[in-house]
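Before any comments, here is the structure.
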Amino acid sequence: MTSDAQSRLAAHFNRRGFQNVKVFDDRKQLCAAFEQELIGVSSVGFGGSVTTRKLELHDLSRKAGKIVWDHWDPEVDKSVTRRQQLSTDLFVTAVNAVTEDGIIVNADGIGNRAAASIFGPKNILFIVTPNKLCKNLSKAVARIRNVATPLNAERLGATPPCVSDMRCHGCLDDSRLDRVFVIHEYCPAGARFVIFILNEPMGY
């Protein structure tokens, strides 16, 4: 993503009510900014995200002495952890897709990440990477159905039909992962939202 494209996307986020938008050329800069976001918070929740895992934001939170609610941790009760994420001081997740004019789109299988990205946590941090950028809303939804969902299903060892050919089959059974879609057309009221734009492809 060019610097001009980053600036345009940040401006579109601003126009949609997201006033706290920061742009980073590399992950080192992002992690330094994330450590600043940890100041003054006691608990951090993480939605299921390959991106946040690769950035090692969970580890940074633990090293800073924060209570971390991460349902990917094999030692925790996943149901309890997902519920705790809804009331953390800071909730962190990457996005599945974002349009060129700043609409954020996420899909979820259980709904904890979708719910926490709307209401509950005091602070909500979205991480946006250039591989998630789409021309418009229909292409953003298509990206989730035909790229993010099959790749996540493969990672999880799930077997929806899309795993075989990277194409959404519109399945209506329990193998489906993208059961809930959330579209942020404008910044929700009631919480502080932060968007980090990282100029490095990452995640699904």
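How things are named: the first chain in the structure tokens is A, the next is B, and so on; residues count from 1 in each chain; ligands count from 1 in the order shown.
Within 9 Å of Leu125 (chain A), once only C-alpha atoms are used and residues closer than 3 positions along the same chain are dropped, the contacting residues are Leu90, Phe91, Val92, Thr93, Ala94, Ser117, Arg192, Phe193, Val194, Ile195 and Phe196 of chain A.
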Those selected residues, please, written with C-alpha atoms and delivered as a CSV table (one decimal), in the first residue's frame.
chain,number,residue,atom,x,y,z
A,90,LEU,CA,-8.9,-3.2,25.7
A,91,PHE,CA,-10.1,-5.6,23.0
A,92,VAL,CA,-7.8,-6.3,20.1
A,93,THR,CA,-8.7,-7.9,16.7
A,94,ALA,CA,-7.6,-7.7,13.1
A,117,SER,CA,-16.0,-5.3,18.2
A,192,ARG,CA,-13.0,4.4,22.3
A,193,PHE,CA,-12.0,3.0,19.0
A,194,VAL,CA,-8.4,2.9,17.7
A,195,ILE,CA,-7.3,1.7,14.2
A,196,PHE,CA,-3.8,0.7,13.4
task: From region 35-124 of chain A, collect each residue whose DSSP state is strand (DSSP E) and return the set as a ChimeraX atom specification.
output: /A:43-46,67-70,90-94,97-99,104-108,123-124
message: When you count only C-alpha atoms, which of these residues is closest to Met202 (chain A): A:Asn146, A:Ser79, A:Thr52, A:Ser3?
response: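 Using only C-alpha atoms, Met202 (chain A) sits closest to A:Thr52.
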task: Check the smallest atom-to-atom distance from each of A:Ala191, A:Val163, A:Leu86, A:Leu38 to Ala116 (chain A) using only C-alpha atoms, then report the winner.
output: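 Of all the options, A:Leu86 lies closest to Ala116 (chain A).
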query: So, counting only C-alpha atoms, which residue among A:Pro121, A:Val180, A:Glu100, A:Asp25 is closest to Arg8 (chain A)?
result: A:Glu100
query: Nearest to Leu177 (chain A): which of A:Asp77, A:Asp4, A:Glu154, A:Asp26 is it, counting only C-alpha atoms?
result: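 So, comparing all the options, the nearest one is A:Glu154.
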Of the listed residues A:Asp108, A:Asp174, A:Asp59, A:Glu185, that which approaches Thr149 (chain A) most closely, counting only C-alpha atoms: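 Answer, going by the shortest atom-to-atom distance: A:Asp108.
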- prompt: Counting only C-alpha atoms, what is within 9 Å of Val23 (chain A), bar same-chain residues fewer than 2 positions away, as a list in words?
  reply: Gln6, Ser7, Ala10, Val21, Asp25, Leu30, Ile195, Phe196, Ile197, Leu198 and Asn199 of chain A
